[in-house]
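What follows is a short report on a single structure.
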2 protein chains.
Amino acid sequence: MKKINVGLIGFGNIGSGVVKILRDKKSLLSDKIGLDINIRKICDQDITSKRNVSVDRALLTRNPRELIEDPQIDIMVELIGGVHPAREFIIDSLKKGKNIVTANKALLATHGQELFTEASGRGKNIYFEASVGAGIPIIKSLREGLVANKFDSILGILNGTSNYILSSMSGDGRTFEEALKEAQKKGFAEKDPTLDIEGMDSAHKLILLTYLAFGRMVNIRDVFIEGISRISLADVNYSKELGFEIKLLAIAQREGEDLEVRVHPTLVPKDHLLASVDGVFNAIYVEGDLAGDLLFYGPGAGQLSAASAVVSDIVDLTKDIKAGLFRPMMNTVGDKSVKRLRRIDESFSRYYIRFTALDKPGVLAKISGVLAKFGISISSVTQKEKDKSQLVPIVMLIHETRERDLRRALNIIDRLEAIKEKSVAIRMEEV
Amino acid sequence: MKKINVGLIGFGNIGSGVVKILRDKKSLLSDKIGLDINIRKICDQDITSKRNVSVDRALLTRNPRELIEDPQIDIMVELIGGVHPAREFIIDSLKKGKNIVTANKALLATHGQELFTEASGRGKNIYFEASVGAGIPIIKSLREGLVANKFDSILGILNGTSNYILSSMSGDGRTFEEALKEAQKKGFAEKDPTLDIEGMDSAHKLILLTYLAFGRMVNIRDVFIEGISRISLADVNYSKELGFEIKLLAIAQREGEDLEVRVHPTLVPKDHLLASVDGVFNAIYVEGDLAGDLLFYGPGAGQLSAASAVVSDIVDLTKDIKAGLFRPMMNTVGDKSVKRLRRIDESFSRYYIRFTALDKPGVLAKISGVLAKFGISISSVTQKEKDKSQLVPIVMLIHETRERDLRRALNIIDRLEAIKEKSVAIRMEEV
C-alpha cells in the first residue's frame, strides 16, 4: 500500500493526540482511504519528557530542518502554536512542496493571507480544521458543505474558558473571580488567562470564520474585542431575571453593505440554543441564505477532540495526494455585497444597562432625560433593592441604538451627581 | 472555462431549487471551484407547469433516456423520490459513467448497498447530503470531518413534521389531532402523513446515518419503528411536569458488541439540547470517541435548504472530476467491534409508564407487585387527579429494564380488573 509521510512539528498535547490516533486508528484509516499514513518524523524542543504515547526515539528530533528538508514528507503538521517560528516553518515547508495542516489560529488570524497566497501559488493547501471549535467540523462545513450559501451572520461561542466561567457564574452563583479560580483548578483556564477571557482567542477564531464565510481576511485591529472580566455576578443574575444568559459571542454580521466583526459579552434570550451551551463547550450559529439557521455544537478543546480535526485534515490531504492532482483549496471568494467594515461606534444594538445611583427622587427622570436627548428609547426599567452601600441598581433594556450615541449618553449620565459608579452596558443579540 | 454538465431528473420542489441556486450563484460557484456548472437537461413528467424558476424549454424533456444516454452529462441528479424508477435511472446512469447526486432516502435505505456497490465497481460516486437533515452537512461531517472517530451513538430528530407536532403539543397545548391539522395547514405535513408520523421517514434516514457511522447497511425490517400517533397530550404534559420533553428520536447505539437501531418517541431531559429543538427543525446528536459529543442543528426541510445540500454534492463531484481522477467514495468501513444487531425486546431502557386505573385501594400495590415479579424497579410514582371518566392516571418512571420484561409485566397489569385502559410506555433516553 502506498504510504503518505507526515512530519509533525510540535509534540505537545494535541501533537501526541495526533500520534495516538494515527497509531490506534491505523487500520481504520487505511481501510477508509486505501493509503497508509506514516509518521516519518516528530520535532519538538523537548524530546525527553514522557507523553501518553510512546514513540520510537529515532522518530524524534529537535531540529525542524530535518523535517522541512526531508523530500519524503508529504504533509507537514504544525502544532507548536504562536506566530514565530511557526510562520517560518510553514513557509519553508510550502517552499519544499509540502502541504500543511495547522491548528494555529493566532498565526492564521494574523498572517493567514500571506500563508494562503504562498500555498496557492505553489498548488499546495493549508488545512486548519482544528483551529476553531476543536473537533466540530465547522471549517469544512463552511467551506464545502455550505459552499453555495451567502451568509448573513455567524455567532459563535468560541472560547471554552470564557463559557465555562460564565456558565459557572450563572449556574452556580459564583463571582467572576471564583469561577476563574475554579476553571484554573480544573485545567480549563491558563495561569495567565488573558488571551481567553479578554476575547483575543475568540477574535482569532472569528477572523478565520469570517474569512470562510465572507471571503475577507479582517485585520485584528479592525475587530472590536471586549472580554468578560468586567462581567459581574449581579449582571448575570439580573439578565437571568429578564430571561437572558450572558455569553461571550464572536459575531460577524452583515448589515446592508457593511460587515461587523466583533467579540463581546452578549445577552442571549434563554430559549435560544446558544443560551443552552454550557461549560467548556463551543457552538457556532450560522445564518445561510439557503441552508437556513444552523448550529454546530461540541467540545471546544481537548486533546483528542482537536487531534480528531487534525487527522481529518491529514486524511483530506492524503486523498488529494492520492488523486495525483491538487485541487486548489476552495478559493475563498469575497462576498461582493460586503463593501466595508463597520466600526463599532457606528453599529446598532439593543443594550442591557445597569446604573448605580443614590436612592433619591428624580434620578430616573434625569437618566431618561439624557437618553431621550440622544434618541435612545427605553424598553424596560427595573429598580432593584438597595445594595450594601445603600446604592440602587437601576437595570434598563433599551431599544436598538447606535453605539456612539449610547456612549455619549452614558458619559453624561455617569457624571450626574446621583450616579455613583460607572454604568455597565452589555449588548443584546436578537437571534 | 471547462464546463461540467449536470442532468436533472425530477423538476419538483427541490429540483427547481437546485436550478435556481446553480443559476443565481453561478459566478460565486465558478469563482470558488474554477469550473462552470452547466445544467444540460432537465427531465420531468410535467414539463409545462410553472416553477419559481424559468428555464429554456429546450432543456426540458419527459424522456429520462435523453439524459442517461447523453455522454456529455457528467453528473446525474436524481430528485424524483421513491424506489422505482429512481433505482433504475441511477443504475443506468452509473453504467453510462455518470456520477450521482440524490436526496432519495427511501431508495438508499432499501437499495443502498446495491447502488453503492455498483458505483464503486465503476469508480463512480453517489453523494446524498440532502437525504438527511436537508442543508445540515451531517453526511459530510460523519464521512469526512469525523473520519477517525468511532461512534458510540447517534440520536437524531430527523423528521420535521413529527417534531413540529410534538412541539406544538408541548408548547401550545394542542392535542395530537389538532397539531397534525395545524401542520397540514402550514404545509409541514402531507395530506397522508403516515410516513412522517409513523416513523418510516426517520427510519430511512437513520439507516443512512448508521451506515456512515457504523459501516452497516441495516435492513429496514431490523429497525424498530414506533411513531408518534399514539402520543397523548396528557403524556406530553405529565412528561413536562417531570422535567422531560417527548421527541421522536432515531437512535443508533452501541451496547457492548451489539448495535441497536430504533425509532420511537422518547423522553429527553429538558436541559439537553435535543429537548430545545422545536418546530420543523432537525438535530443530530453524535457521540464520537475522539471529537466528543457534537450536535448538528438546522431546518430539516425546505426547498433551498435541501437544494443547498444537493449543490454542495454537485460541487464536490465537480472538484473530483476536475482532479481528473476519482477518489473512491470514502469507503464505509464496518465497525468491527459491532458483532450483531440487538432486537428491541432485548434492549434496555428507562421508561415513562402511564396506567389508567379505577380509584380504589390496593391498585398501586398490585401494579408494583407485578413489576417487582419481573425485577422492574420504580424510580418515581405520581398519582394524578381523576379524569372525566373517574379513572385515575398513575404515572411512573422506572429504572432501566429489559423491553421484553416490561412488555410481559404490562400484559399482566393490563388484564388486572382495576386497569381500564391499555397502559402507555414511552422510552427515556439519558443523554
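Labels for the C-alpha cells follow display order: chains A, B, ..., residues from 1 in each chain, ligands from 1.
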
What does chain A look like once superposed on chain B, all Cα atoms paired in sequence order, least squares? Give it as a CSV table (one decimal) with C-alpha atoms, in the first residue's frame.
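File part.csv, as written:
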chain,number,residue,atom,x,y,z
A,1,MET,CA,-13.5,27.7,-18.5
A,2,LYS,CA,-14.1,24.0,-18.5
A,3,LYS,CA,-17.8,23.0,-18.1
A,4,ILE,CA,-19.2,20.3,-16.0
A,5,ASN,CA,-22.6,19.1,-17.3
A,6,VAL,CA,-25.4,18.3,-15.0
A,7,GLY,CA,-28.5,16.3,-15.8
A,8,LEU,CA,-31.5,16.7,-13.5
A,9,ILE,CA,-34.2,14.1,-13.3
A,10,GLY,CA,-37.0,15.5,-11.2
A,11,PHE,CA,-38.0,19.1,-11.6
A,12,GLY,CA,-40.2,19.4,-8.5
A,13,ASN,CA,-39.7,21.5,-5.4
A,14,ILE,CA,-36.1,20.6,-4.7
A,15,GLY,CA,-35.2,20.3,-8.3
A,16,SER,CA,-36.3,23.8,-9.2
A,17,GLY,CA,-34.4,25.0,-6.1
A,18,VAL,CA,-31.2,23.4,-7.5
A,19,VAL,CA,-31.7,25.1,-10.8
A,20,LYS,CA,-32.3,28.4,-9.1
A,21,ILE,CA,-29.1,28.1,-7.0
A,22,LEU,CA,-27.0,27.0,-9.9
A,23,ARG,CA,-28.2,30.0,-11.8
A,24,ASP,CA,-28.2,32.6,-9.1
A,25,LYS,CA,-24.9,31.5,-7.7
A,26,LYS,CA,-23.2,30.7,-11.0
A,27,SER,CA,-20.4,33.2,-10.6
A,28,LEU,CA,-19.9,32.5,-6.9
A,29,LEU,CA,-19.5,28.8,-7.6
A,30,SER,CA,-17.3,29.2,-10.7
A,31,ASP,CA,-15.1,31.6,-8.7
A,32,LYS,CA,-14.8,29.1,-5.9
A,33,ILE,CA,-14.1,25.9,-8.0
A,34,GLY,CA,-12.7,27.3,-11.2
A,35,LEU,CA,-15.2,25.3,-13.3
A,36,ASP,CA,-18.5,26.2,-14.8
A,37,ILE,CA,-21.5,24.0,-13.7
A,38,ASN,CA,-23.9,23.8,-16.6
A,39,ILE,CA,-27.4,22.4,-16.5
A,40,ARG,CA,-27.6,20.4,-19.7
A,41,LYS,CA,-31.0,18.8,-19.5
A,42,ILE,CA,-33.9,18.5,-17.1
A,43,CYS,CA,-36.4,15.6,-17.1
A,44,ASP,CA,-39.8,15.6,-15.6
A,45,GLN,CA,-43.1,14.1,-16.4
A,46,ASP,CA,-44.6,17.5,-16.1
A,47,ILE,CA,-42.7,20.0,-18.3
A,48,THR,CA,-45.4,22.5,-18.7
A,49,SER,CA,-46.3,23.7,-15.1
A,50,LYS,CA,-44.7,27.0,-14.0
A,51,ARG,CA,-41.9,26.7,-11.4
A,52,ASN,CA,-40.4,29.6,-9.5
A,53,VAL,CA,-37.5,29.5,-12.0
A,54,SER,CA,-37.9,29.8,-15.7
A,55,VAL,CA,-35.8,27.6,-17.9
A,56,ASP,CA,-35.2,27.4,-21.6
A,57,ARG,CA,-37.9,25.0,-23.0
A,58,ALA,CA,-35.1,23.3,-25.0
A,59,LEU,CA,-33.6,22.0,-21.7
A,60,LEU,CA,-36.8,20.2,-20.7
A,61,THR,CA,-37.7,16.6,-21.7
A,62,ARG,CA,-40.1,13.9,-20.6
A,63,ASN,CA,-37.7,11.2,-21.6
A,64,PRO,CA,-35.1,10.3,-19.0
A,65,ARG,CA,-33.2,8.3,-21.6
A,66,GLU,CA,-32.2,11.5,-23.3
A,67,LEU,CA,-30.2,12.3,-20.1
A,68,ILE,CA,-28.9,8.8,-19.4
A,69,GLU,CA,-27.7,8.3,-22.9
A,70,ASP,CA,-26.1,11.7,-23.2
A,71,PRO,CA,-22.3,11.2,-23.0
A,72,GLN,CA,-21.8,14.9,-22.2
A,73,ILE,CA,-23.6,14.7,-18.9
A,74,ASP,CA,-21.0,14.2,-16.1
A,75,ILE,CA,-23.3,14.3,-13.1
A,76,MET,CA,-26.8,13.0,-12.8
A,77,VAL,CA,-29.0,14.5,-10.1
A,78,GLU,CA,-31.9,12.3,-9.2
A,79,LEU,CA,-34.7,14.1,-7.4
A,80,ILE,CA,-37.9,12.2,-8.3
A,81,GLY,CA,-38.0,10.3,-5.0
A,82,GLY,CA,-39.5,6.8,-4.4
A,83,VAL,CA,-37.8,3.5,-5.2
A,84,HIS,CA,-38.8,2.9,-8.8
A,85,PRO,CA,-37.9,4.1,-11.4
A,86,ALA,CA,-35.3,6.1,-9.4
A,87,ARG,CA,-33.2,2.9,-8.8
A,88,GLU,CA,-33.2,2.1,-12.5
A,89,PHE,CA,-32.3,5.6,-13.6
A,90,ILE,CA,-29.4,5.6,-11.2
A,91,ILE,CA,-28.1,2.2,-12.2
A,92,ASP,CA,-28.3,3.0,-15.8
A,93,SER,CA,-26.6,6.4,-15.3
A,94,LEU,CA,-23.8,4.7,-13.4
A,95,LYS,CA,-23.4,2.2,-16.3
A,96,LYS,CA,-23.1,5.2,-18.6
A,97,GLY,CA,-20.2,6.5,-16.5
A,98,LYS,CA,-22.0,9.2,-14.6
A,99,ASN,CA,-21.7,10.2,-11.0
A,100,ILE,CA,-24.8,10.5,-9.0
A,101,VAL,CA,-26.3,13.0,-6.6
A,102,THR,CA,-29.6,12.1,-4.9
A,103,ALA,CA,-31.7,13.1,-2.0
A,104,ASN,CA,-33.7,9.8,-2.1
A,105,LYS,CA,-33.5,8.4,1.4
A,106,ALA,CA,-36.2,5.8,0.8
A,107,LEU,CA,-34.2,4.4,-2.2
A,108,LEU,CA,-30.9,4.4,-0.5
A,109,ALA,CA,-32.3,2.9,2.7
A,110,THR,CA,-33.6,0.0,0.8
A,111,HIS,CA,-31.3,-0.4,-2.1
A,112,GLY,CA,-28.2,1.5,-0.9
A,113,GLN,CA,-25.9,-1.5,-0.8
A,114,GLU,CA,-26.7,-2.4,-4.4
A,115,LEU,CA,-26.2,1.1,-5.7
A,116,PHE,CA,-23.0,1.8,-3.7
A,117,THR,CA,-21.5,-1.4,-5.0
A,118,GLU,CA,-22.5,-0.7,-8.5
A,119,ALA,CA,-21.0,2.8,-8.2
A,120,SER,CA,-17.7,1.8,-6.6
A,121,GLY,CA,-17.2,-1.0,-9.1
A,122,ARG,CA,-17.3,1.6,-11.8
A,123,GLY,CA,-15.2,4.1,-9.9
A,124,LYS,CA,-18.1,6.5,-9.6
A,125,ASN,CA,-19.6,8.2,-6.6
A,126,ILE,CA,-23.1,8.6,-5.2
A,127,TYR,CA,-23.5,11.6,-2.9
A,128,PHE,CA,-26.6,12.1,-0.8
A,129,GLU,CA,-26.1,15.0,1.6
A,130,ALA,CA,-29.7,16.2,1.1
A,131,SER,CA,-31.2,12.9,2.1
A,132,VAL,CA,-30.8,13.6,5.9
A,133,GLY,CA,-31.3,16.9,7.6
A,134,ALA,CA,-31.7,18.9,4.4
A,135,GLY,CA,-29.0,21.6,4.4
A,136,ILE,CA,-27.3,20.4,7.6
A,137,PRO,CA,-23.9,19.0,6.4
A,138,ILE,CA,-24.2,15.9,8.6
A,139,ILE,CA,-23.3,13.3,5.9
A,140,LYS,CA,-20.1,15.1,5.1
A,141,SER,CA,-19.3,15.6,8.8
A,142,LEU,CA,-19.7,11.9,9.6
A,143,ARG,CA,-17.9,10.8,6.5
A,144,GLU,CA,-15.0,13.3,6.3
A,145,GLY,CA,-15.0,15.7,9.3
A,146,LEU,CA,-15.2,12.9,11.9
A,147,VAL,CA,-13.3,10.3,9.7
A,148,ALA,CA,-11.2,8.9,12.6
A,149,ASN,CA,-14.0,8.6,15.1
A,150,LYS,CA,-15.7,5.5,16.3
A,151,PHE,CA,-19.2,6.3,17.3
A,152,ASP,CA,-21.0,5.3,20.5
A,153,SER,CA,-24.4,6.6,19.5
A,154,ILE,CA,-26.3,8.8,17.1
A,155,LEU,CA,-29.6,10.3,18.3
A,156,GLY,CA,-31.5,12.3,15.7
A,157,ILE,CA,-34.6,14.4,15.4
A,158,LEU,CA,-34.9,13.6,11.7
A,159,ASN,CA,-38.5,14.3,10.9
A,160,GLY,CA,-39.6,17.9,10.9
A,161,THR,CA,-43.3,17.0,10.6
A,162,SER,CA,-43.2,14.9,13.8
A,163,ASN,CA,-41.2,17.4,15.7
A,164,TYR,CA,-43.5,20.2,14.7
A,165,ILE,CA,-46.5,18.2,16.0
A,166,LEU,CA,-44.7,17.3,19.3
A,167,SER,CA,-43.5,20.9,19.8
A,168,SER,CA,-47.0,22.2,19.1
A,169,MET,CA,-48.5,19.7,21.6
A,170,SER,CA,-45.9,20.7,24.2
A,171,GLY,CA,-45.8,24.4,23.6
A,172,ASP,CA,-49.3,25.3,22.6
A,173,GLY,CA,-51.2,22.5,24.4
A,174,ARG,CA,-52.7,21.1,21.2
A,175,THR,CA,-53.9,17.5,21.0
A,176,PHE,CA,-52.1,15.3,18.5
A,177,GLU,CA,-55.0,15.7,16.1
A,178,GLU,CA,-55.1,19.4,16.4
A,179,ALA,CA,-51.4,19.7,16.0
A,180,LEU,CA,-51.5,17.5,12.9
A,181,LYS,CA,-54.2,19.6,11.3
A,182,GLU,CA,-52.2,22.7,12.0
A,183,ALA,CA,-49.1,21.1,10.5
A,184,GLN,CA,-51.1,20.2,7.4
A,185,LYS,CA,-52.6,23.7,7.1
A,186,LYS,CA,-49.0,25.2,7.3
A,187,GLY,CA,-47.7,22.7,4.7
A,188,PHE,CA,-45.5,20.9,7.2
A,189,ALA,CA,-47.4,17.7,6.9
A,190,GLU,CA,-48.7,15.8,3.9
A,191,LYS,CA,-52.3,15.0,3.3
A,192,ASP,CA,-51.4,11.4,4.2
A,193,PRO,CA,-48.8,12.0,6.9
A,194,THR,CA,-48.2,8.3,7.6
A,195,LEU,CA,-44.6,8.1,6.5
A,196,ASP,CA,-43.7,11.0,8.7
A,197,ILE,CA,-45.7,10.5,11.8
A,198,GLU,CA,-45.3,6.7,11.9
A,199,GLY,CA,-41.5,6.9,11.9
A,200,MET,CA,-40.7,5.4,8.5
A,201,ASP,CA,-39.1,8.6,7.1
A,202,SER,CA,-36.9,8.8,10.3
A,203,ALA,CA,-36.0,5.1,9.9
A,204,HIS,CA,-34.9,5.6,6.3
A,205,LYS,CA,-32.6,8.5,7.4
A,206,LEU,CA,-31.4,6.6,10.4
A,207,ILE,CA,-30.3,3.7,8.2
A,208,LEU,CA,-28.1,6.1,6.2
A,209,LEU,CA,-26.6,7.6,9.3
A,210,THR,CA,-26.0,4.1,10.7
A,211,TYR,CA,-24.3,3.2,7.5
A,212,LEU,CA,-21.9,6.1,7.8
A,213,ALA,CA,-21.3,5.8,11.5
A,214,PHE,CA,-21.1,2.1,11.9
A,215,GLY,CA,-20.5,0.9,8.4
A,216,ARG,CA,-23.5,-1.3,8.3
A,217,MET,CA,-26.4,-1.1,5.9
A,218,VAL,CA,-29.2,-2.3,8.2
A,219,ASN,CA,-32.3,-3.8,6.7
A,220,ILE,CA,-35.4,-1.7,7.4
A,221,ARG,CA,-37.1,-4.9,8.8
A,222,ASP,CA,-34.4,-4.9,11.6
A,223,VAL,CA,-35.2,-1.3,12.6
A,224,PHE,CA,-37.7,-1.0,15.4
A,225,ILE,CA,-40.1,1.7,14.4
A,226,GLU,CA,-42.8,3.3,16.6
A,227,GLY,CA,-44.4,6.6,15.5
A,228,ILE,CA,-46.0,9.4,17.5
A,229,SER,CA,-49.6,9.0,16.6
A,230,ARG,CA,-50.5,7.4,19.9
A,231,ILE,CA,-48.8,10.1,22.0
A,232,SER,CA,-51.5,11.9,24.0
A,233,LEU,CA,-51.4,15.5,25.2
A,234,ALA,CA,-51.7,14.1,28.8
A,235,ASP,CA,-48.4,12.2,28.4
A,236,VAL,CA,-46.7,15.3,26.9
A,237,ASN,CA,-47.9,17.3,29.9
A,238,TYR,CA,-47.0,14.7,32.6
A,239,SER,CA,-43.6,14.4,31.0
A,240,LYS,CA,-43.1,18.1,31.2
A,241,GLU,CA,-44.0,18.2,34.8
A,242,LEU,CA,-41.3,15.5,35.4
A,243,GLY,CA,-38.7,17.6,33.5
A,244,PHE,CA,-38.8,16.0,30.1
A,245,GLU,CA,-39.9,16.7,26.5
A,246,ILE,CA,-41.2,13.9,24.3
A,247,LYS,CA,-39.3,13.8,21.0
A,248,LEU,CA,-39.4,11.3,18.1
A,249,LEU,CA,-35.8,10.1,18.2
A,250,ALA,CA,-34.0,8.0,15.7
A,251,ILE,CA,-31.3,6.1,17.6
A,252,ALA,CA,-28.3,4.0,16.6
A,253,GLN,CA,-26.5,3.0,19.7
A,254,ARG,CA,-23.7,0.6,20.5
A,255,GLU,CA,-24.3,-1.6,23.5
A,256,GLY,CA,-21.2,-3.7,24.1
A,257,GLU,CA,-20.9,-5.7,20.9
A,258,ASP,CA,-24.5,-5.1,19.9
A,259,LEU,CA,-26.0,-2.3,17.9
A,260,GLU,CA,-29.5,-1.0,18.5
A,261,VAL,CA,-31.2,0.7,15.6
A,262,ARG,CA,-34.6,2.1,16.6
A,263,VAL,CA,-37.1,5.0,16.1
A,264,HIS,CA,-39.6,5.8,18.8
A,265,PRO,CA,-41.0,8.6,20.9
A,266,THR,CA,-38.6,9.3,23.7
A,267,LEU,CA,-38.5,11.4,26.9
A,268,VAL,CA,-35.5,13.7,26.8
A,269,PRO,CA,-34.4,15.7,29.8
A,270,LYS,CA,-35.4,19.4,29.4
A,271,ASP,CA,-31.9,20.6,29.8
A,272,HIS,CA,-30.5,18.5,27.0
A,273,LEU,CA,-30.1,20.4,23.7
A,274,LEU,CA,-32.3,17.9,21.8
A,275,ALA,CA,-35.2,18.9,24.1
A,276,SER,CA,-34.9,22.5,22.8
A,277,VAL,CA,-35.2,21.6,19.2
A,278,ASP,CA,-38.6,22.9,18.3
A,279,GLY,CA,-40.8,23.1,15.2
A,280,VAL,CA,-39.7,21.7,11.9
A,281,PHE,CA,-36.1,21.8,12.8
A,282,ASN,CA,-33.9,18.7,12.8
A,283,ALA,CA,-30.9,17.9,15.0
A,284,ILE,CA,-28.4,15.1,15.1
A,285,TYR,CA,-26.5,14.4,18.3
A,286,VAL,CA,-23.4,12.3,17.8
A,287,GLU,CA,-21.1,10.8,20.4
A,288,GLY,CA,-17.7,10.3,18.9
A,289,ASP,CA,-14.8,8.6,20.8
A,290,LEU,CA,-12.5,11.5,19.8
A,291,ALA,CA,-14.5,14.6,18.9
A,292,GLY,CA,-16.8,14.0,21.9
A,293,ASP,CA,-20.5,14.9,21.9
A,294,LEU,CA,-21.5,17.0,19.0
A,295,LEU,CA,-24.8,18.5,17.9
A,296,PHE,CA,-25.8,19.5,14.3
A,297,TYR,CA,-29.0,21.5,14.1
A,298,GLY,CA,-30.9,23.2,11.3
A,299,PRO,CA,-34.1,23.2,9.2
A,300,GLY,CA,-35.0,19.7,8.3
A,301,ALA,CA,-36.7,20.5,5.1
A,302,GLY,CA,-37.3,23.3,2.7
A,303,GLN,CA,-36.7,23.9,-1.0
A,304,LEU,CA,-33.5,25.9,-0.8
A,305,SER,CA,-32.2,24.1,2.3
A,306,ALA,CA,-32.3,20.7,0.6
A,307,ALA,CA,-31.1,22.2,-2.7
A,308,SER,CA,-28.1,23.8,-0.8
A,309,ALA,CA,-27.0,20.2,0.1
A,310,VAL,CA,-27.6,18.9,-3.5
A,311,VAL,CA,-25.4,21.7,-4.8
A,312,SER,CA,-22.7,21.0,-2.3
A,313,ASP,CA,-22.6,17.4,-3.6
A,314,ILE,CA,-22.5,18.6,-7.2
A,315,VAL,CA,-19.6,20.9,-6.3
A,316,ASP,CA,-17.7,18.0,-4.5
A,317,LEU,CA,-18.2,15.8,-7.6
A,318,THR,CA,-17.1,18.7,-9.8
A,319,LYS,CA,-13.9,19.0,-7.8
A,320,ASP,CA,-13.3,15.3,-8.1
A,321,ILE,CA,-13.8,15.4,-11.9
A,322,LYS,CA,-11.5,18.4,-12.1
A,323,ALA,CA,-8.8,16.5,-10.2
A,324,GLY,CA,-9.0,14.1,-13.2
A,325,LEU,CA,-9.1,11.1,-11.1
A,326,PHE,CA,-11.8,9.7,-8.9
A,327,ARG,CA,-11.1,9.2,-5.3
A,328,PRO,CA,-13.4,6.4,-4.4
A,329,MET,CA,-16.2,7.5,-2.1
A,330,MET,CA,-14.9,7.2,1.4
A,331,ASN,CA,-15.2,3.5,2.0
A,332,THR,CA,-17.6,3.0,4.7
A,333,VAL,CA,-15.7,0.6,6.9
A,334,GLY,CA,-17.6,-1.7,9.1
A,335,ASP,CA,-17.1,-1.0,12.8
A,336,LYS,CA,-15.6,-4.3,13.8
A,337,SER,CA,-16.5,-4.0,17.4
A,338,VAL,CA,-20.2,-4.3,16.4
A,339,LYS,CA,-21.0,-8.0,16.1
A,340,ARG,CA,-24.7,-8.1,15.8
A,341,LEU,CA,-27.9,-6.1,15.9
A,342,ARG,CA,-29.8,-6.2,19.1
A,343,ARG,CA,-33.6,-6.9,18.8
A,344,ILE,CA,-35.8,-4.4,20.5
A,345,ASP,CA,-37.1,-6.9,23.1
A,346,GLU,CA,-33.5,-7.5,24.3
A,347,SER,CA,-32.9,-3.7,24.6
A,348,PHE,CA,-32.7,-2.0,28.0
A,349,SER,CA,-34.2,1.4,28.7
A,350,ARG,CA,-35.8,3.5,31.4
A,351,TYR,CA,-39.5,4.1,30.8
A,352,TYR,CA,-42.2,6.5,31.5
A,353,ILE,CA,-45.4,4.5,32.1
A,354,ARG,CA,-48.9,5.7,32.5
A,355,PHE,CA,-51.6,3.3,33.9
A,356,THR,CA,-55.3,4.2,33.9
A,357,ALA,CA,-56.9,2.7,37.0
A,358,LEU,CA,-60.0,2.7,39.1
A,359,ASP,CA,-59.7,4.9,42.1
A,360,LYS,CA,-59.7,2.3,44.8
A,361,PRO,CA,-57.3,1.0,47.4
A,362,GLY,CA,-54.7,-1.6,46.6
A,363,VAL,CA,-54.3,-0.8,42.9
A,364,LEU,CA,-50.8,0.6,43.3
A,365,ALA,CA,-49.8,-2.3,45.4
A,366,LYS,CA,-50.9,-4.7,42.7
A,367,ILE,CA,-49.1,-2.9,39.9
A,368,SER,CA,-45.9,-2.7,41.9
A,369,GLY,CA,-46.2,-6.3,42.8
A,370,VAL,CA,-46.3,-7.4,39.1
A,371,LEU,CA,-43.4,-5.1,38.3
A,372,ALA,CA,-41.4,-6.5,41.2
A,373,LYS,CA,-42.0,-10.0,40.0
A,374,PHE,CA,-40.2,-9.1,36.7
A,375,GLY,CA,-37.4,-7.3,38.6
A,376,ILE,CA,-38.6,-3.9,37.4
A,377,SER,CA,-37.7,-1.1,39.8
A,378,ILE,CA,-39.7,2.0,40.1
A,379,SER,CA,-37.9,5.3,40.4
A,380,SER,CA,-40.9,7.6,40.9
A,381,VAL,CA,-44.7,7.4,41.0
A,382,THR,CA,-47.3,10.2,40.8
A,383,GLN,CA,-50.9,9.6,41.1
A,384,LYS,CA,-52.8,12.2,39.2
A,385,GLU,CA,-56.3,13.7,39.8
A,386,LYS,CA,-59.2,11.7,38.5
A,387,ASP,CA,-60.0,12.4,34.9
A,388,LYS,CA,-63.6,13.0,33.6
A,389,SER,CA,-64.3,9.3,33.5
A,390,GLN,CA,-63.5,9.0,37.2
A,391,LEU,CA,-60.3,7.0,36.3
A,392,VAL,CA,-57.0,7.8,37.9
A,393,PRO,CA,-53.8,8.2,35.8
A,394,ILE,CA,-50.8,6.7,37.6
A,395,VAL,CA,-47.5,7.9,36.1
A,396,MET,CA,-44.3,6.0,36.9
A,397,LEU,CA,-40.7,6.4,35.9
A,398,ILE,CA,-38.9,3.1,36.0
A,399,HIS,CA,-35.3,2.2,36.1
A,400,GLU,CA,-33.5,0.5,33.3
A,401,THR,CA,-35.4,-2.6,32.3
A,402,ARG,CA,-35.3,-5.1,29.5
A,403,GLU,CA,-38.1,-4.3,27.0
A,404,ARG,CA,-39.2,-7.9,27.0
A,405,ASP,CA,-39.6,-8.0,30.8
A,406,LEU,CA,-41.6,-4.7,30.7
A,407,ARG,CA,-43.9,-6.0,28.0
A,408,ARG,CA,-44.6,-9.1,29.9
A,409,ALA,CA,-45.3,-7.2,33.1
A,410,LEU,CA,-47.6,-4.7,31.3
A,411,ASN,CA,-49.5,-7.6,29.7
A,412,ILE,CA,-50.3,-8.9,33.1
A,413,ILE,CA,-51.0,-5.5,34.6
A,414,ASP,CA,-53.3,-4.6,31.7
A,415,ARG,CA,-55.5,-7.6,32.6
A,416,LEU,CA,-56.0,-6.5,36.2
A,417,GLU,CA,-59.5,-5.7,37.0
A,418,ALA,CA,-58.7,-2.2,38.3
A,419,ILE,CA,-56.8,-1.3,35.1
A,420,LYS,CA,-59.2,0.3,32.6
A,421,GLU,CA,-57.1,1.2,29.6
A,422,LYS,CA,-54.1,-0.2,27.9
A,423,SER,CA,-51.1,1.2,29.7
A,424,VAL,CA,-48.7,3.6,27.9
A,425,ALA,CA,-45.0,3.0,28.0
A,426,ILE,CA,-42.6,5.6,26.5
A,427,ARG,CA,-38.8,5.1,26.5
A,428,MET,CA,-36.5,7.6,28.2
A,429,GLU,CA,-33.1,8.4,26.9
A,430,GLU,CA,-30.4,9.5,29.3
A,431,VAL,CA,-28.1,11.6,27.1

Inset, instruction - Using DSSP on the backbone coordinates, identify all residues within stretch 107-335 of chain B classified as helix (DSSP H, G or I); present the result as JSON, numbers by chain. - result: {"B": [107, 108, 109, 110, 111, 112, 113, 114, 115, 116, 117, 118, 119, 120, 121, 129, 130, 131, 138, 139, 140, 141, 142, 143, 144, 145, 160, 161, 162, 163, 164, 165, 166, 167, 168, 169, 170, 171, 172, 176, 177, 178, 179, 180, 181, 182, 183, 184, 185, 194, 195, 196, 197, 200, 201, 202, 203, 204, 205, 206, 207, 208, 209, 210, 211, 212, 213, 214, 220, 221, 222, 233, 234, 235, 236, 237, 238, 239, 240, 241, 273, 274, 275, 276, 303, 304, 305, 306, 307, 308, 309, 310, 311, 312, 313, 314, 315, 316, 317, 318, 319, 320, 321, 322]}
